[in-house]
>>> print(open('start-v2.cif').read())   # mmCIF, C-alpha atoms
data_input
loop_
_atom_site.label_atom_id
_atom_site.label_comp_id
_atom_site.auth_asym_id
_atom_site.auth_seq_id
_atom_site.Cartn_x
_atom_site.Cartn_y
_atom_site.Cartn_z
CA MET A 156 88.00 59.82 144.33
CA TYR A 157 91.46 58.28 144.53
CA CYS A 158 94.84 59.83 143.86
CA TYR A 159 96.42 57.98 140.95
CA HIS A 160 99.92 58.52 142.24
CA CYS A 161 99.73 57.54 145.93
CA GLY A 162 96.34 55.79 146.20
CA LEU A 163 94.92 58.14 148.85
CA LYS A 164 91.13 58.21 148.95
CA ILE A 165 89.98 61.83 148.81
CA ASP A 166 86.55 63.06 149.79
CA GLU A 167 85.83 65.68 147.14
CA HIS A 168 82.72 66.90 148.98
CA LYS A 169 84.87 67.93 151.96
CA ILE A 170 87.32 69.71 149.68
CA GLU A 171 84.50 71.58 147.91
CA MET A 172 83.03 72.67 151.25
CA ASP A 173 86.36 74.21 152.31
CA ARG A 174 86.97 76.02 149.02
CA SER A 175 85.70 75.54 145.51
CA SER A 176 87.98 74.00 142.91
CA ILE A 177 86.50 76.25 140.19
CA ASP A 178 86.73 80.04 140.09
CA VAL A 179 83.52 81.97 140.57
CA ASP A 180 83.96 83.67 137.18
CA THR A 181 84.22 80.36 135.29
CA GLU A 182 81.12 79.11 133.52
CA ILE A 183 80.32 75.51 134.43
CA ASN A 184 79.05 73.17 131.71
CA SER A 185 79.47 69.51 130.75
CA GLN A 186 82.95 70.20 129.29
CA THR A 187 84.31 71.70 132.53
CA VAL A 188 87.14 69.58 133.94
CA ILE A 189 87.33 69.45 137.73
CA GLN A 190 90.75 68.74 139.17
CA TYR A 191 91.93 68.37 142.75
CA ILE A 192 95.38 68.40 144.29
CA CYS A 193 96.25 65.40 146.44
CA PRO A 194 97.03 66.53 150.00
CA ARG A 195 99.57 63.72 150.46
CA CYS A 196 101.66 63.83 147.29
CA GLY A 197 100.59 67.04 145.50
CA HIS A 198 99.66 65.44 142.17
CA LEU A 199 96.62 66.54 140.17
CA ILE A 200 93.59 64.29 140.37
CA HIS A 201 90.95 64.49 137.67
CA GLU A 202 87.72 62.77 136.86
CA GLY A 203 87.83 60.11 134.20
CA PHE A 204 90.08 57.11 133.99
CA SER A 205 92.62 56.31 131.28
CA SER A 206 94.72 53.17 130.97
CA GLU A 207 97.80 55.03 132.22
CA ASP A 208 95.84 56.19 135.28
CA GLU A 209 94.66 52.61 135.77
CA LYS A 210 98.23 51.32 135.85
CA GLU A 211 99.38 54.05 138.20
CA LEU A 212 96.46 53.49 140.60
CA SER A 213 97.09 49.75 140.48
CA VAL A 214 100.72 50.26 141.47
CA ALA A 215 99.67 52.65 144.25
CA SER A 216 97.09 50.12 145.47
CA HIS A 217 99.70 47.37 145.62
CA ALA A 218 101.95 49.72 147.62
CA GLN A 219 99.10 50.47 150.04
CA ILE A 220 98.44 46.73 150.46
CA GLN A 221 102.11 46.27 151.31
CA ARG A 222 101.85 49.10 153.85
CA GLY A 223 98.82 47.32 155.29
CA ASN A 224 100.82 44.08 155.52
CA ASN A 225 103.61 45.95 157.30
CA SER A 226 101.17 47.56 159.70
CA PHE A 227 99.54 44.20 160.42
CA ALA A 228 102.93 42.56 161.05
CA ASN A 229 104.03 45.43 163.28
CA GLY A 230 100.79 45.19 165.26
CA MET A 231 101.08 41.44 165.70
CA CYS A 232 104.68 41.85 166.89
CA LEU A 233 103.59 44.43 169.46
CA ASN A 234 100.73 42.15 170.55
CA SER A 235 103.13 39.22 171.00
CA ILE A 236 105.59 41.23 173.05
CA GLY A 237 102.74 42.73 175.08
CA LEU A 238 101.30 39.29 175.86
CA ILE A 239 104.71 37.95 176.88
CA LEU A 240 105.26 40.91 179.20
CA LEU A 241 101.73 40.48 180.60
CA VAL A 242 102.45 36.84 181.48
CA ILE A 243 105.75 37.83 183.10
CA SER A 244 104.00 40.60 185.06
CA ILE A 245 101.41 38.09 186.32
CA ILE A 246 104.24 35.83 187.47
CA PHE A 247 105.86 38.72 189.35
CA PHE A 248 102.48 39.69 190.82
CA VAL A 249 102.07 36.13 192.15
CA LEU A 250 105.59 36.35 193.58
CA ALA A 251 104.59 39.54 195.40
CA HIS A 252 102.25 37.45 197.58
CA LYS A 253 104.76 36.46 200.27
CA PRO A 254 104.28 33.11 202.05
CA ALA A 255 105.90 34.53 205.18
CA LYS A 256 103.02 37.03 205.45
CA GLY A 257 100.35 34.36 204.97
CA ARG A 258 100.08 34.78 201.17
CA ALA A 259 99.20 38.44 201.60
CA LEU A 260 100.15 40.96 198.94
CA VAL A 261 103.22 42.94 199.96
CA LEU A 262 103.16 46.36 198.33
CA ASN A 263 106.72 47.45 199.15
CA CYS A 264 108.63 44.54 197.65
CA PRO A 265 110.50 44.74 194.29
CA GLU A 266 108.35 42.00 192.75
CA PHE A 267 105.25 44.17 193.09
CA TYR A 268 106.94 47.19 191.50
CA ILE A 269 108.26 45.09 188.63
CA SER A 270 104.82 43.56 188.04
CA LEU A 271 103.24 47.01 188.07
CA ALA A 272 105.75 48.40 185.57
CA LEU A 273 105.38 45.36 183.29
CA ILE A 274 101.58 45.58 183.38
CA ILE A 275 101.71 49.23 182.33
CA ILE A 276 104.17 48.50 179.51
CA SER A 277 102.17 45.48 178.31
CA VAL A 278 98.89 47.43 178.25
CA ILE A 279 100.54 50.19 176.19
CA LEU A 280 102.05 47.64 173.78
CA LEU A 281 98.77 45.78 173.45
CA GLY A 282 96.90 49.01 172.77
CA PHE A 283 99.27 50.08 170.00
CA GLY A 284 99.41 46.52 168.69
CA ILE A 285 95.65 46.15 168.43
CA TYR A 286 95.41 49.55 166.73
CA GLN A 287 98.14 48.70 164.19
CA THR A 288 96.60 45.28 163.51
CA ILE A 289 93.15 46.75 162.84
CA VAL A 290 94.58 49.50 160.61
CA GLY A 291 96.54 46.90 158.63
CA ILE A 292 93.52 44.64 158.16
CA LEU A 293 91.27 47.50 157.09
CA LYS A 294 93.85 48.91 154.67
CA LYS A 295 94.49 45.52 153.07
CA ARG A 296 90.76 44.84 152.71
CA HIS A 297 90.00 48.29 151.25
CA TYR A 298 92.76 48.28 148.64
CA SER A 299 92.17 44.62 147.73
CA LYS A 300 88.59 45.54 146.87
CA LEU A 301 89.88 48.51 144.85
CA LEU A 302 92.26 46.25 142.89
CA LYS A 303 89.44 43.79 142.31
CA ASP A 304 87.31 46.62 140.88
CA ILE A 305 90.19 47.76 138.66
CA ASN A 306 90.79 44.24 137.37
CA ASN A 307 87.09 43.64 136.70
CA LYS A 308 86.86 47.00 134.89
CA THR A 309 84.12 48.16 137.30
CA PHE A 310 86.08 51.03 138.87
CA VAL A 311 84.70 54.51 138.26
CA GLN A 312 86.55 57.63 139.40
#
>>> encode(input="start-v2.cif", output="structure tokens")
Amino acid sequence: MYCYHCGLKIDEHKIEMDRSSIDVDTEINSQTVIQYICPRCGHLIHEGFSSEDEKELSVASHAQIQRGNNSFANGMCLNSIGLILLVISIIFFVLAHKPAKGRALVLNCPEFYISLALIIISVILLGFGIYQTIVGILKKRHYSKLLKDINNKTFVQ
């Protein structure tokens, strides 16, 4: 089930396991309307799908695709900066091998400390960048499929 206002996918089975959306005293039949409250935006979500709900969910899906594009771009930026810093750290690590010591690694020179700091920073940036890139790709793919279902009139809430 999707929130029509913000596009958040809600697992109604999880919500029902925490607490029921219908009072115990209420008689349940085919006319009973089940509604949920979106945890992100607080709007009511109901079963069924009107044309106004379709437009609102379409707008929310386009917004989520844009958020996915932003996340992907942010991740690729972090990956680029991380790779540049990794190359620079490798250069400093090579410079830490002093020719005066017979190309042995000198652990107390500034080049070694700089390479160590740059490697740590680049690994952190690459980790966040890969995570953001994957989140962006998955979000774009998910909401593109949702928009395709809405446009083909095959979406069921």
>>> resolve_selection(input="start-v2.cif", expression="the PyMOL selection byres ((chain A and resi 288-290) around 9)", output="NGL selection string")
:A and (223 or 226-231 or 234 or 283-287 or 291-295)
>>> closest_residue(input="start-v2.cif", among="A:Ala218, A:Ile275, A:Ala251, A:Leu260", to="A:Leu302", atoms="all atoms listed in the file")
A:Ala218
>>> residues_around(input="start-v2.cif", residues="A:Gln219", least_positions_apart="2", cutoff="9 Å", atoms="all atoms listed in the file", output="PyMOL selection string")
chain A and resi 161-163+214-217+221-224+294-295+298
>>> residues_around(input="start-v2.cif", residues="stretch 266-271 of chain A", least_positions_apart="5", cutoff="6 Å", atoms="only C-alpha atoms", output="PDB file with C-alpha atoms, in the frame of the given file")
ATOM      1  CA  SER A 244     104.000  40.600 185.060  1.00  0.00           C
ATOM      2  CA  PHE A 247     105.860  38.720 189.350  1.00  0.00           C
ATOM      3  CA  PHE A 248     102.480  39.690 190.820  1.00  0.00           C
ATOM      4  CA  ALA A 251     104.590  39.540 195.400  1.00  0.00           C
TER       5      ALA A 251
END
>>> residues_near_point(input="start-v2.cif", point="(103.3, 42.0, 178.8)", cutoff="8 Å", atoms="all atoms listed in the file", output="list in words")
Ile236, Gly237, Leu238, Ile239, Leu240, Leu241, Val242, Ile243, Ser244, Leu273, Ile274, Ile276, Ser277, Val278, Leu280 and Leu281 of chain A
>>> resolve_selection(input="start-v2.cif", expression="the PyMOL selection byres ((chain A and resi 305-308) around 12)", output="list in words")
Phe204, Ser205, Ser206, Asp208, Glu209, Lys210, Glu211, Leu212, Ser213, Val214, Ser216, His217, Tyr298, Ser299, Lys300, Leu301, Leu302, Lys303, Asp304, Thr309, Phe310, Val311 and Gln312 of chain A
>>> atom_distance(input="start-v2.cif", atom1="atom CA of A:Ile279", atom2="atom CA of A:Leu262")
22.6 Å
>>> atom_distance(input="start-v2.cif", atom1="atom CA of A:Lys164", atom2="atom CA of A:Glu207")
18.3 Å
>>> atom_distance(input="start-v2.cif", atom1="atom CA of A:Cys193", atom2="atom CA of A:His297")
18.8 Å
>>> axis_aligned_box(input="start-v2.cif", around="stretch 287-297 of chain A", padding_each_side="5 Å", output="lines of an AutoDock Vina configuration file")
center_x = 94.1
center_y = 47.1
center_z = 157.7
size_x = 18.1
size_y = 14.9
size_z = 22.9
>>> closest_residue(input="start-v2.cif", among="A:Tyr191, A:Leu199, A:Ala272, A:His252", to="A:His160", atoms="all atoms listed in the file")
A:Leu199
